[in-house]
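Down below is the structure, laid out as structure tokens.
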Amino acid sequence: MNPHPQNCQRVRTARGGFTLIELLVAILAAMLLPALAKAKLRAQEAGCISNLKQLTMAWILYSDDFNDGLVRNCNNNAINNGKVGWVDDVMKWDFPPAPSWTQNYSTTNLSEALLGPYCSSQVGIYHCPADTYNAYKGPRVRSYSMNGQMNGYCYTDPQANENLNQYGAGQDYTIFQKLSNIVNPMPVNAWVFIDEQEDSIDDGFFRVDMKPGDNLWANFPAVNHGGASGISFGDGHVETRRWLDPAIANDPVLHISGPPARPATAPYSDLAWFQQHTTSLAQ
């Protein structure tokens, strides 16, 4: 019989062993951490859905106030002759040696744009909770973009319009200018807002390549909700959609602003879904 059991415990601990309590704590942590990570993802997804619902409701309310007209999907710049759209900013990376880009951080470009009053100037709803990729001075103010065919043809420069046509946007395909125009696809199937991949996002305009045979991703959806992104529709509902195309699924953020269009992957099911839910050939 050992008269000094506590000394034996000290020796075992000093030699690198674990006490029973330490072992139980380690097991408990291993069990809880995955559950906590999943809970965090669910909370972020719920926050994103809430943001998109509020933005889409603002989009609908704007139309109610403007004789069914949709809010402009463009930015205040030279080729737009100073037209302000649903937002008035451009997101881009500004890490040195690039100069700091103030629009990454300016909430004024959200609150004073056309949808601002319809959101009660709640600028937090423009940023997805799962967008944790900061610019040089911190989080960027906007994670979401709008379907480019939702009143997105507002350029006054013919060359800019031709640039849109390069990816099948513009006059070849319907540009919805009124809420009542959204009939093919119907509002329940026509997407409006999406969280855009952090390298891809720039202005508020999300471009979908509509030309048959091109099979290109012009802009890319984010994949921050477990390989999925939040997306809203013209009837006001919101869902998260998982992307399977390797060209965009689990897409790493490289902090490269405006990456070029990339080929979609056969059988092009994700791109085909976008095309079917973006617009249709003009009549």
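Every chain in the structure tokens has a letter given in the order shown (A, B, ...), and although residue numbers restart at 1 in each chain, ligands are simply numbered from 1 in the order shown.
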
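Summary of the local environment: counting only C-alpha atoms, residues at most 9 Å from segment 111-126 of chain A, other than itself and those fewer than 6 positions away along its chain, are Gly47, Cys48, Ser50, Asn51, Leu52, Gln54, Leu55, Met57, Ala58, Trp59, Leu61, Tyr62, Val71, Arg72, Val84, Gly85, Trp86, Val87, Asp88, Val141, Arg142, Ser143 and Tyr144 of chain A.
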
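Straight-line separation from atom CA of Ala272 of chain A to atom CA of Ala46 of chain A: 26.6 Å.
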
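For Arg242 of chain A, the set of protein, DNA and RNA residues having any atom at most 8 Å away, when counting only C-alpha atoms and skipping those fewer than 3 positions along the same chain, is A:Val223, A:Gly226, A:Gly227, A:Ala228, A:Ser229.
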
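Close contacts of Tyr136 of chain A, defined as residues with an atom at most 8 Å away when counting only C-alpha atoms, with chain neighbours fewer than 3 positions off set aside, comprise Trp93, Asp94, Phe95, Pro96 and Ser100 of chain A.
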
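Shell of segment 195-208 of chain A at 6 Å, with only C-alpha atoms counted and residues fewer than 6 places along the chain excluded, is Val90, Met91, Lys92, Ser143, Tyr144, Ser145, Met146, Asn147, Gly148, Ala218, Asn219, Phe220, Pro221, Ala222, Gly230, His255, Ile256, Ser257 and Gly258 of chain A.
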
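Atom CA of Lys137 of chain A sits 8.7 Å away from atom CA of Asn104 of chain A.
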
Report task. Mind giving me the straight-line distance from atom CA of Asn73 of chain A to atom CA of Asp214 of chain A in Å, one decimal? Result -> 24.2 Å

**Report entry** Residues near Ser280 of chain A, cut-off 7 Å, only C-alpha atoms, skip fewer than 4 positions along chain, as number ranges by chain
**Finding:** A: 173-174, 184

Report task. DSSP on the backbone, then: every residue of segment 15-206 of chain A marked strand (DSSP E), written as JSON, numbers by chain. Result -> {"A": [144, 145, 146, 147, 191, 192, 193, 194, 195, 205, 206]}
